[in-house]
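Participant: The file below is entry12.cif, mmCIF, C-alpha atoms and all ligand atoms:
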```
data_final
loop_
_atom_site.group_PDB
_atom_site.id
_atom_site.type_symbol
_atom_site.label_atom_id
_atom_site.label_comp_id
_atom_site.auth_asym_id
_atom_site.auth_seq_id
_atom_site.Cartn_x
_atom_site.Cartn_y
_atom_site.Cartn_z
ATOM 1 C CA MET A 1 0.169 -5.518 -20.319
ATOM 2 C CA THR A 2 -3.487 -6.230 -19.563
ATOM 3 C CA ASP A 3 -4.760 -9.435 -17.943
ATOM 4 C CA ARG A 4 -7.821 -10.842 -16.184
ATOM 5 C CA TRP A 5 -7.575 -11.532 -12.427
ATOM 6 C CA SER A 6 -11.238 -12.549 -12.035
ATOM 7 C CA PRO A 7 -14.481 -12.191 -14.021
ATOM 8 C CA ARG A 8 -14.858 -8.806 -12.282
ATOM 9 C CA VAL A 9 -11.260 -7.570 -12.316
ATOM 10 C CA THR A 10 -8.890 -6.607 -15.143
ATOM 11 C CA ARG A 11 -5.338 -5.530 -14.308
ATOM 12 C CA VAL A 12 -3.490 -3.039 -16.544
ATOM 13 C CA LEU A 13 0.246 -2.879 -15.725
ATOM 14 C CA ALA A 14 1.817 0.590 -15.922
ATOM 15 C CA PRO A 15 5.283 0.983 -17.543
ATOM 16 C CA ASN A 16 7.019 2.252 -14.362
ATOM 17 C CA PRO A 17 9.121 -0.654 -13.045
ATOM 18 C CA SER A 18 11.637 0.021 -10.249
ATOM 19 C CA PRO A 19 12.976 -1.674 -7.087
ATOM 20 C CA LEU A 20 10.044 -0.170 -5.130
ATOM 21 C CA THR A 21 7.272 -0.543 -7.740
ATOM 22 C CA LEU A 22 8.306 -4.073 -8.851
ATOM 23 C CA GLU A 23 7.070 -4.644 -12.445
ATOM 24 C CA GLY A 24 5.123 -1.359 -12.251
ATOM 25 C CA THR A 25 1.872 -0.061 -10.795
ATOM 26 C CA ASN A 26 -1.270 -2.187 -11.172
ATOM 27 C CA THR A 27 -4.250 -0.185 -12.404
ATOM 28 C CA PHE A 28 -7.548 -2.073 -12.030
ATOM 29 C CA VAL A 29 -10.718 -1.912 -14.126
ATOM 30 C CA VAL A 30 -13.538 -3.430 -12.061
ATOM 31 C CA ALA A 31 -17.174 -4.211 -12.900
ATOM 32 C CA GLU A 32 -19.815 -6.846 -12.280
ATOM 33 C CA PRO A 33 -20.097 -8.949 -15.474
ATOM 34 C CA GLY A 34 -22.854 -7.439 -17.588
ATOM 35 C CA ALA A 35 -22.749 -4.055 -15.831
ATOM 36 C CA ALA A 36 -23.033 -1.021 -18.075
ATOM 37 C CA SER A 37 -20.173 0.890 -16.390
ATOM 38 C CA VAL A 38 -16.811 0.289 -14.697
ATOM 39 C CA VAL A 39 -14.793 1.653 -11.760
ATOM 40 C CA VAL A 40 -11.045 2.290 -12.111
ATOM 41 C CA ILE A 41 -8.678 1.942 -9.116
ATOM 42 C CA ASP A 42 -5.283 3.760 -9.111
ATOM 43 C CA PRO A 43 -4.827 5.241 -12.624
ATOM 44 C CA GLY A 44 -1.070 5.232 -11.939
ATOM 45 C CA PRO A 45 1.659 7.460 -13.388
ATOM 46 C CA ASP A 46 0.962 10.321 -15.797
ATOM 47 C CA ASP A 47 1.602 8.327 -18.980
ATOM 48 C CA GLN A 48 -0.616 8.715 -22.044
ATOM 49 C CA GLY A 49 0.150 5.229 -23.322
ATOM 50 C CA HIS A 50 -0.925 3.707 -20.011
ATOM 51 C CA ALA A 51 -4.068 5.865 -19.817
ATOM 52 C CA GLY A 52 -4.963 4.687 -23.326
ATOM 53 C CA ALA A 53 -4.487 1.043 -22.309
ATOM 54 C CA VAL A 54 -6.795 1.572 -19.316
ATOM 55 C CA VAL A 55 -9.454 3.156 -21.546
ATOM 56 C CA ARG A 56 -9.204 0.165 -23.929
ATOM 57 C CA ALA A 57 -9.591 -2.215 -20.960
ATOM 58 C CA CYS A 58 -12.882 -0.479 -20.152
ATOM 59 C CA GLY A 59 -14.218 -1.954 -23.407
ATOM 60 C CA GLY A 60 -16.345 1.046 -24.350
ATOM 61 C CA ARG A 61 -18.158 1.134 -20.997
ATOM 62 C CA PRO A 62 -18.241 4.518 -19.234
ATOM 63 C CA VAL A 63 -16.103 4.985 -16.119
ATOM 64 C CA GLU A 64 -18.495 5.663 -13.253
ATOM 65 C CA LEU A 65 -15.850 6.409 -10.597
ATOM 66 C CA VAL A 66 -12.049 6.594 -10.128
ATOM 67 C CA LEU A 67 -10.681 5.457 -6.741
ATOM 68 C CA LEU A 68 -7.247 6.009 -5.187
ATOM 69 C CA THR A 69 -5.647 3.719 -2.601
ATOM 70 C CA HIS A 70 -3.288 6.611 -1.701
ATOM 71 C CA THR A 71 -1.702 9.635 -3.313
ATOM 72 C CA HIS A 72 1.926 8.568 -3.881
ATOM 73 C CA VAL A 73 2.941 9.514 -7.427
ATOM 74 C CA ASP A 74 3.147 5.983 -8.803
ATOM 75 C CA HIS A 75 -0.595 5.526 -8.069
ATOM 76 C CA ALA A 76 -2.007 9.031 -8.321
ATOM 77 C CA GLU A 77 0.110 11.201 -10.634
ATOM 78 C CA GLY A 78 -2.182 10.493 -13.588
ATOM 79 C CA ALA A 79 -5.414 10.328 -11.567
ATOM 80 C CA ARG A 80 -6.791 13.840 -12.074
ATOM 81 C CA GLY A 81 -5.983 13.777 -15.776
ATOM 82 C CA PHE A 82 -7.525 10.342 -16.229
ATOM 83 C CA ALA A 83 -10.688 11.246 -14.294
ATOM 84 C CA GLY A 84 -11.029 14.381 -16.410
ATOM 85 C CA ARG A 85 -10.461 12.457 -19.644
ATOM 86 C CA VAL A 86 -13.214 9.932 -18.861
ATOM 87 C CA GLY A 87 -15.501 12.429 -17.109
ATOM 88 C CA ALA A 88 -15.716 10.531 -13.805
ATOM 89 C CA PRO A 89 -15.483 11.741 -10.198
ATOM 90 C CA LEU A 90 -12.265 10.986 -8.303
ATOM 91 C CA ALA A 91 -12.485 9.639 -4.735
ATOM 92 C CA ALA A 92 -9.618 9.485 -2.214
ATOM 93 C CA ILE A 93 -9.161 9.757 1.543
ATOM 94 C CA ALA A 94 -6.454 12.414 1.177
ATOM 95 C CA PRO A 95 -7.827 15.923 1.760
ATOM 96 C CA GLY A 96 -8.140 17.995 -1.398
ATOM 97 C CA TRP A 97 -8.200 15.097 -3.847
ATOM 98 C CA ALA A 98 -11.886 14.143 -4.071
ATOM 99 C CA THR A 99 -13.887 15.870 -6.789
ATOM 100 C CA ALA A 100 -17.591 16.768 -7.000
ATOM 101 C CA GLY A 101 -19.837 13.711 -6.893
ATOM 102 C CA ALA A 102 -17.263 11.431 -5.222
ATOM 103 C CA PRO A 103 -18.384 9.237 -2.305
ATOM 104 C CA ASP A 104 -16.933 9.723 1.207
ATOM 105 C CA LEU A 105 -14.460 6.847 1.664
ATOM 106 C CA GLY A 106 -14.234 7.401 5.422
ATOM 107 C CA ALA A 107 -17.917 6.758 6.097
ATOM 108 C CA GLY A 108 -17.570 3.005 6.721
ATOM 109 C CA VAL A 109 -20.238 2.129 4.161
ATOM 110 C CA PRO A 110 -19.823 0.239 0.873
ATOM 111 C CA VAL A 111 -19.628 2.208 -2.359
ATOM 112 C CA ALA A 112 -22.174 0.833 -4.866
ATOM 113 C CA VAL A 113 -20.614 1.215 -8.310
ATOM 114 C CA ALA A 114 -20.424 -0.672 -11.614
ATOM 115 C CA GLY A 115 -22.971 -3.251 -10.457
ATOM 116 C CA LEU A 116 -21.010 -4.276 -7.355
ATOM 117 C CA GLU A 117 -20.058 -3.029 -3.903
ATOM 118 C CA LEU A 118 -16.579 -1.922 -2.755
ATOM 119 C CA LEU A 119 -16.075 -1.385 0.981
ATOM 120 C CA PRO A 120 -13.379 1.227 1.738
ATOM 121 C CA LEU A 121 -11.016 0.046 4.493
ATOM 122 C CA PRO A 122 -8.994 3.026 5.744
ATOM 123 C CA THR A 123 -5.540 1.514 6.358
ATOM 124 C CA PRO A 124 -3.008 4.185 7.427
ATOM 125 C CA GLY A 125 0.625 3.138 7.827
ATOM 126 C CA HIS A 126 2.368 2.999 4.443
ATOM 127 C CA ALA A 127 0.873 6.467 4.037
ATOM 128 C CA ALA A 128 -1.507 8.358 6.314
ATOM 129 C CA ASP A 129 -4.096 8.557 3.515
ATOM 130 C CA HIS A 130 -4.017 4.866 2.539
ATOM 131 C CA CYS A 131 -7.287 3.020 1.872
ATOM 132 C CA CYS A 132 -7.856 -0.581 0.781
ATOM 133 C CA PHE A 133 -11.069 -1.649 -0.974
ATOM 134 C CA GLU A 134 -12.826 -4.917 -0.182
ATOM 135 C CA LEU A 135 -14.627 -6.623 -3.076
ATOM 136 C CA ALA A 136 -16.787 -9.089 -1.147
ATOM 137 C CA ALA A 137 -18.069 -10.689 -4.362
ATOM 138 C CA ASP A 138 -14.497 -11.949 -5.018
ATOM 139 C CA ARG A 139 -13.672 -12.453 -1.304
ATOM 140 C CA ALA A 140 -10.821 -10.131 -2.194
ATOM 141 C CA VAL A 141 -9.222 -6.861 -1.115
ATOM 142 C CA PHE A 142 -7.456 -4.305 -3.318
ATOM 143 C CA THR A 143 -4.458 -3.585 -1.083
ATOM 144 C CA GLY A 144 -2.562 -0.761 -2.838
ATOM 145 C CA ASP A 145 0.840 -0.542 -1.128
ATOM 146 C CA HIS A 146 -0.432 -1.894 2.229
ATOM 147 C CA VAL A 147 0.485 -5.440 1.134
ATOM 148 C CA LEU A 148 2.336 -6.147 -2.127
ATOM 149 C CA GLY A 149 2.310 -9.148 -4.425
ATOM 150 C CA ARG A 150 5.920 -9.950 -3.576
ATOM 151 C CA GLY A 151 8.435 -8.857 -0.915
ATOM 152 C CA THR A 152 7.513 -6.257 1.690
ATOM 153 C CA THR A 153 6.382 -2.656 1.567
ATOM 154 C CA VAL A 154 8.104 0.481 2.855
ATOM 155 C CA VAL A 155 6.660 2.408 5.779
ATOM 156 C CA GLU A 156 8.081 5.784 4.843
ATOM 157 C CA TRP A 157 8.907 7.872 7.886
ATOM 158 C CA PRO A 158 7.666 10.540 8.516
ATOM 159 C CA GLY A 159 4.575 10.182 6.267
ATOM 160 C CA GLY A 160 4.096 6.565 7.272
ATOM 161 C CA ASP A 161 3.521 5.336 10.818
ATOM 162 C CA MET A 162 4.620 1.904 12.069
ATOM 163 C CA ALA A 163 2.066 1.609 14.894
ATOM 164 C CA ASP A 164 -0.721 2.552 12.455
ATOM 165 C CA TYR A 165 0.711 0.121 9.905
ATOM 166 C CA LEU A 166 0.605 -2.836 12.305
ATOM 167 C CA ALA A 167 -2.954 -1.935 13.353
ATOM 168 C CA SER A 168 -3.963 -1.735 9.673
ATOM 169 C CA LEU A 169 -2.406 -5.148 8.952
ATOM 170 C CA ASP A 170 -4.454 -6.566 11.828
ATOM 171 C CA LEU A 171 -7.602 -4.957 10.401
ATOM 172 C CA LEU A 172 -6.927 -6.598 7.024
ATOM 173 C CA ARG A 173 -6.229 -9.979 8.666
ATOM 174 C CA ARG A 174 -9.560 -9.830 10.514
ATOM 175 C CA ARG A 175 -11.466 -9.361 7.219
ATOM 176 C CA ARG A 176 -10.333 -12.929 6.339
ATOM 177 C CA PRO A 177 -9.927 -12.284 2.574
ATOM 178 C CA GLU A 178 -9.106 -15.167 0.256
ATOM 179 C CA ARG A 179 -7.334 -13.088 -2.388
ATOM 180 C CA LEU A 180 -5.365 -9.839 -2.439
ATOM 181 C CA TYR A 181 -5.154 -7.578 -5.475
ATOM 182 C CA PRO A 182 -1.998 -5.535 -4.693
ATOM 183 C CA GLY A 183 -0.851 -2.243 -6.206
ATOM 184 C CA HIS A 184 2.399 -3.918 -7.304
ATOM 185 C CA GLY A 185 3.225 -7.508 -8.138
ATOM 186 C CA PRO A 186 1.027 -10.544 -8.771
ATOM 187 C CA LEU A 187 -2.311 -11.632 -7.314
ATOM 188 C CA VAL A 188 -1.946 -13.118 -3.821
ATOM 189 C CA GLY A 189 -3.937 -16.331 -3.326
ATOM 190 C CA ASP A 190 -2.970 -17.186 0.270
ATOM 191 C CA ALA A 191 -4.227 -13.866 1.594
ATOM 192 C CA VAL A 192 -4.411 -14.373 5.367
ATOM 193 C CA ALA A 193 -1.071 -16.213 5.453
ATOM 194 C CA ARG A 194 0.522 -13.341 3.527
ATOM 195 C CA VAL A 195 -0.870 -10.736 5.924
ATOM 196 C CA GLU A 196 0.259 -12.771 8.932
ATOM 197 C CA GLY A 197 3.694 -13.051 7.305
ATOM 198 C CA TYR A 198 3.838 -9.252 6.981
ATOM 199 C CA ILE A 199 2.923 -8.855 10.666
ATOM 200 C CA ALA A 200 5.628 -11.378 11.674
ATOM 201 C CA HIS A 201 8.177 -9.624 9.431
ATOM 202 C CA ARG A 202 7.527 -6.262 11.108
ATOM 203 C CA ARG A 203 7.773 -7.810 14.582
ATOM 204 C CA ASP A 204 11.108 -9.400 13.546
ATOM 205 C CA ARG A 205 12.424 -6.114 12.148
ATOM 206 C CA GLU A 206 11.382 -4.283 15.321
ATOM 207 C CA ALA A 207 13.272 -6.821 17.435
ATOM 208 C CA GLN A 208 16.317 -6.483 15.149
ATOM 209 C CA VAL A 209 16.262 -2.677 15.398
ATOM 210 C CA LEU A 210 15.992 -2.900 19.192
ATOM 211 C CA ALA A 211 18.870 -5.396 19.292
ATOM 212 C CA ALA A 212 21.012 -3.147 17.042
ATOM 213 C CA VAL A 213 20.532 -0.215 19.436
ATOM 214 C CA ALA A 214 21.362 -2.491 22.383
ATOM 215 C CA ALA A 215 24.529 -3.590 20.522
ATOM 216 C CA GLY A 216 25.711 0.009 20.185
ATOM 217 C CA ASP A 217 24.340 1.249 16.850
ATOM 218 C CA ARG A 218 23.252 4.856 17.304
ATOM 219 C CA THR A 219 22.149 6.218 13.911
ATOM 220 C CA PRO A 220 19.516 4.919 11.462
ATOM 221 C CA GLY A 221 22.329 4.448 8.914
ATOM 222 C CA GLU A 222 24.284 2.208 11.286
ATOM 223 C CA ILE A 223 21.171 0.185 12.033
ATOM 224 C CA VAL A 224 20.387 -0.256 8.316
ATOM 225 C CA ALA A 225 23.946 -1.452 7.629
ATOM 226 C CA ARG A 226 23.496 -4.179 10.249
ATOM 227 C CA VAL A 227 19.827 -5.170 9.884
ATOM 228 C CA TYR A 228 19.576 -4.907 6.078
ATOM 229 C CA ALA A 229 23.041 -6.322 5.314
ATOM 230 C CA ALA A 230 21.457 -9.019 3.106
ATOM 231 C CA VAL A 231 19.263 -6.555 1.164
ATOM 232 C CA ASP A 232 20.181 -4.893 -2.159
ATOM 233 C CA PRO A 233 22.033 -1.627 -1.267
ATOM 234 C CA ALA A 234 19.817 0.184 -3.799
ATOM 235 C CA LEU A 235 16.997 -0.349 -1.288
ATOM 236 C CA HIS A 236 18.937 0.957 1.742
ATOM 237 C CA PRO A 237 17.632 4.556 1.494
ATOM 238 C CA ALA A 238 14.068 3.188 1.552
ATOM 239 C CA ALA A 239 15.028 0.792 4.358
ATOM 240 C CA GLU A 240 16.318 3.754 6.381
ATOM 241 C CA LEU A 241 12.844 5.313 6.236
ATOM 242 C CA SER A 242 11.353 2.067 7.570
ATOM 243 C CA VAL A 243 14.035 1.924 10.310
ATOM 244 C CA ARG A 244 13.171 5.510 11.286
ATOM 245 C CA ALA A 245 9.494 4.491 11.431
ATOM 246 C CA HIS A 246 10.433 1.571 13.715
ATOM 247 C CA LEU A 247 12.566 3.895 15.898
ATOM 248 C CA ALA A 248 9.705 6.405 16.197
ATOM 249 C CA LYS A 249 7.381 3.619 17.383
ATOM 250 C CA LEU A 250 10.008 2.241 19.796
ATOM 251 C CA ALA A 251 10.577 5.752 21.208
ATOM 252 C CA ALA A 252 6.821 6.272 21.601
ATOM 253 C CA ASP A 253 6.657 2.902 23.370
ATOM 254 C CA GLY A 254 9.493 4.009 25.720
ATOM 255 C CA ARG A 255 11.810 1.238 24.549
ATOM 256 C CA VAL A 256 14.496 3.500 23.034
ATOM 257 C CA THR A 257 15.452 7.111 23.749
ATOM 258 C CA ALA A 258 16.234 9.656 21.015
ATOM 259 C CA ASP A 259 18.549 12.659 21.238
ATOM 260 C CA ASP A 260 17.084 16.161 20.772
ATOM 261 C CA ARG A 261 17.503 16.052 17.001
ATOM 262 C CA GLY A 262 16.081 12.556 16.608
ATOM 263 C CA GLU A 263 19.281 11.399 14.898
ATOM 264 C CA ARG A 264 20.886 9.232 17.615
ATOM 265 C CA PHE A 265 19.150 6.509 19.584
ATOM 266 C CA PHE A 266 19.992 4.862 22.897
ATOM 267 C CA PRO A 267 18.635 1.942 24.880
ATOM 268 C CA SER A 268 16.040 3.084 27.425
ATOM 269 C CA ALA A 269 16.939 2.453 31.042
ATOM 270 C CA PRO A 270 15.115 -0.701 32.193
HETATM 271 ZN ZN ZN A 301 3.154 2.215 -4.992
#
```
Would you mind writing the structure in this file as structure tokens?
Facilitator:
Amino acid sequence: MTDRWSPRVTRVLAPNPSPLTLEGTNTFVVAEPGAASVVVIDPGPDDQGHAGAVVRACGGRPVELVLLTHTHVDHAEGARGFAGRVGAPLAAIAPGWATAGAPDLGAGVPVAVAGLELLPLPTPGHAADHCCFELAADRAVFTGDHVLGRGTTVVEWPGGDMADYLASLDLLRRRRPERLYPGHGPLVGDAVARVEGYIAHRRDREAQVLAAVAAGDRTPGEIVARVYAAVDPALHPAAELSVRAHLAKLAADGRVTADDRGERFFPSAP
């Protein structure tokens, strides 16, 4: 499915729905109206039908650059193949992914492409190599898996980091966007409220994890069974990774103590 999210932004939905990817991955074709070229964000899974739909959405305009929000397979598996097919450089924060001619996304300067400017916002947390892209012309941010169109995202221990994630949510909040273009799910119109809701959700979960340890839960599995009792069991393995990310932050903060193997957790002495 292909639809317009703004005069500058076309979304092409990839056919990879799942509990974690919602309806599938959103691939974006972005250009200033009237520009001679486009930029593509997150080509998505390695699927020839999807790649063909993205090429059609480009409307015959050359692809000037391919950008990745992060290198998880549902965003990046098809990226090298797509960039090669359209003859464009591939840019990503992750080491070893950028190709010749790609801009440095860590430089803190906007990337001028397809008649507009995209400001990379390095946002580690969901993944260490995560980067959002601010499209000031739309007062919008492409958020990848940092903030989704619906529900909450997974901070996958050990690749993800909860302290980094909270800092990256605060960075996004301070940009004061009006709209979010997430990597999964629909366009978010109440952007700052959504980001503040994500921050509150993580603070709540942290308090729940701390309370579970205080109540006698020792393992991440026990904590998930208590804290995520209302959540679809199919999501419990993913929830356990988020609980482990919370426990790692709480241990670093000195609020819980882990055993030598990092499998059992105890309240820290006051
Ligand atoms: Zn994803």
Participant: In Å to one decimal, how far is CA of Asp42 (chain A) from CA of Val66 (chain A)?
Facilitator: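 Atom-to-atom, CA of Val66 (chain A) to CA of Asp42 (chain A), that is 7.4 Å.
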Participant: Enumerate residues in contact with ligand ZN 301 (chain A): an atom-to-atom distance of at most 6 Å, counting all atoms listed in the file. Format the result as a ChimeraX atom specification.
Facilitator: /A:21,74-75,145
Participant: Please produce a file of those selected residues containing C-alpha atoms, as a compact mmCIF listing (two decimals), in the frame of the given file.
Facilitator:
```
# COMPACT_ATOMS: atom_id res chain seq x y z
CA THR A 21 7.27 -0.54 -7.74
CA ASP A 74 3.15 5.98 -8.80
CA HIS A 75 -0.60 5.53 -8.07
CA ASP A 145 0.84 -0.54 -1.13
```
Participant: Can you list, as a PDB file with C-alpha atoms, keeping the file's coordinate frame, the residues that the PyMOL selection byres (((chain A and resi 11-17) around 9) and not hetatm) selects here?
Facilitator:
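What landed in out_5.pdb:
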```pdb
ATOM      1  CA  MET A   1       0.169  -5.518 -20.319  1.00  0.00           C
ATOM      2  CA  THR A   2      -3.487  -6.230 -19.563  1.00  0.00           C
ATOM      3  CA  ASP A   3      -4.760  -9.435 -17.943  1.00  0.00           C
ATOM      4  CA  ARG A   4      -7.821 -10.842 -16.184  1.00  0.00           C
ATOM      5  CA  TRP A   5      -7.575 -11.532 -12.427  1.00  0.00           C
ATOM      6  CA  VAL A   9     -11.260  -7.570 -12.316  1.00  0.00           C
ATOM      7  CA  THR A  10      -8.890  -6.607 -15.143  1.00  0.00           C
ATOM      8  CA  SER A  18      11.637   0.021 -10.249  1.00  0.00           C
ATOM      9  CA  PRO A  19      12.976  -1.674  -7.087  1.00  0.00           C
ATOM     10  CA  LEU A  20      10.044  -0.170  -5.130  1.00  0.00           C
ATOM     11  CA  THR A  21       7.272  -0.543  -7.740  1.00  0.00           C
ATOM     12  CA  LEU A  22       8.306  -4.073  -8.851  1.00  0.00           C
ATOM     13  CA  GLU A  23       7.070  -4.644 -12.445  1.00  0.00           C
ATOM     14  CA  GLY A  24       5.123  -1.359 -12.251  1.00  0.00           C
ATOM     15  CA  THR A  25       1.872  -0.061 -10.795  1.00  0.00           C
ATOM     16  CA  ASN A  26      -1.270  -2.187 -11.172  1.00  0.00           C
ATOM     17  CA  THR A  27      -4.250  -0.185 -12.404  1.00  0.00           C
ATOM     18  CA  PHE A  28      -7.548  -2.073 -12.030  1.00  0.00           C
ATOM     19  CA  VAL A  29     -10.718  -1.912 -14.126  1.00  0.00           C
ATOM     20  CA  VAL A  30     -13.538  -3.430 -12.061  1.00  0.00           C
ATOM     21  CA  PRO A  43      -4.827   5.241 -12.624  1.00  0.00           C
ATOM     22  CA  GLY A  44      -1.070   5.232 -11.939  1.00  0.00           C
ATOM     23  CA  PRO A  45       1.659   7.460 -13.388  1.00  0.00           C
ATOM     24  CA  ASP A  47       1.602   8.327 -18.980  1.00  0.00           C
ATOM     25  CA  GLY A  49       0.150   5.229 -23.322  1.00  0.00           C
ATOM     26  CA  HIS A  50      -0.925   3.707 -20.011  1.00  0.00           C
ATOM     27  CA  ALA A  51      -4.068   5.865 -19.817  1.00  0.00           C
ATOM     28  CA  ALA A  53      -4.487   1.043 -22.309  1.00  0.00           C
ATOM     29  CA  VAL A  54      -6.795   1.572 -19.316  1.00  0.00           C
ATOM     30  CA  ALA A  57      -9.591  -2.215 -20.960  1.00  0.00           C
ATOM     31  CA  ASP A  74       3.147   5.983  -8.803  1.00  0.00           C
ATOM     32  CA  HIS A 184       2.399  -3.918  -7.304  1.00  0.00           C
TER      33      HIS A 184
END
```
Participant: When the PyMOL selection byres (((chain A and resi 34) around 10) and not hetatm) is applied to the structure above, which residues does it catch, written out as a list of chain:residue names?
Facilitator: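 Answer for the PyMOL selection byres (((chain A and resi 34) around 10) and not hetatm): A:Arg8, A:Ala31, A:Glu32, A:Pro33, A:Ala35, A:Ala36, A:Ser37, A:Ala114, A:Gly115.
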Participant: For Pro120 (chain A), which of A:Ser242, A:Leu68, A:Gly81, A:Tyr181 is the closest residue, counting all atoms listed in the file?
Facilitator: A:Leu68
Participant: Suppose a student applies the PyMOL selection byres (((chain A and resi 191) around 7) and not hetatm) to this structure; what residues should they get, written as a PyMOL selection string?
Facilitator: chain A and resi 177-180+188-190+192-195
Participant: Choose the residue, out of A:Ile41, A:Ala215, A:Leu65, A:Ala88, that has the smallest atom-to-atom separation from Phe142 (chain A); count all atoms listed in the file.
Facilitator: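 Closest residue, counting all atoms listed in the file: A:Ile41.
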Participant: CA of Tyr165 (chain A) and CA of Leu247 (chain A) are how many Å apart?
Facilitator: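 Pair CA of Tyr165 (chain A) / CA of Leu247 (chain A) returns 13.8 Å.
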Participant: Using all atoms listed in the file, which residues sit within 8 Å of region 105-112 of chain A once same-chain residues fewer than 6 positions away are excluded, as a PyMOL selection string?
Facilitator: chain A and resi 91-93+118-122
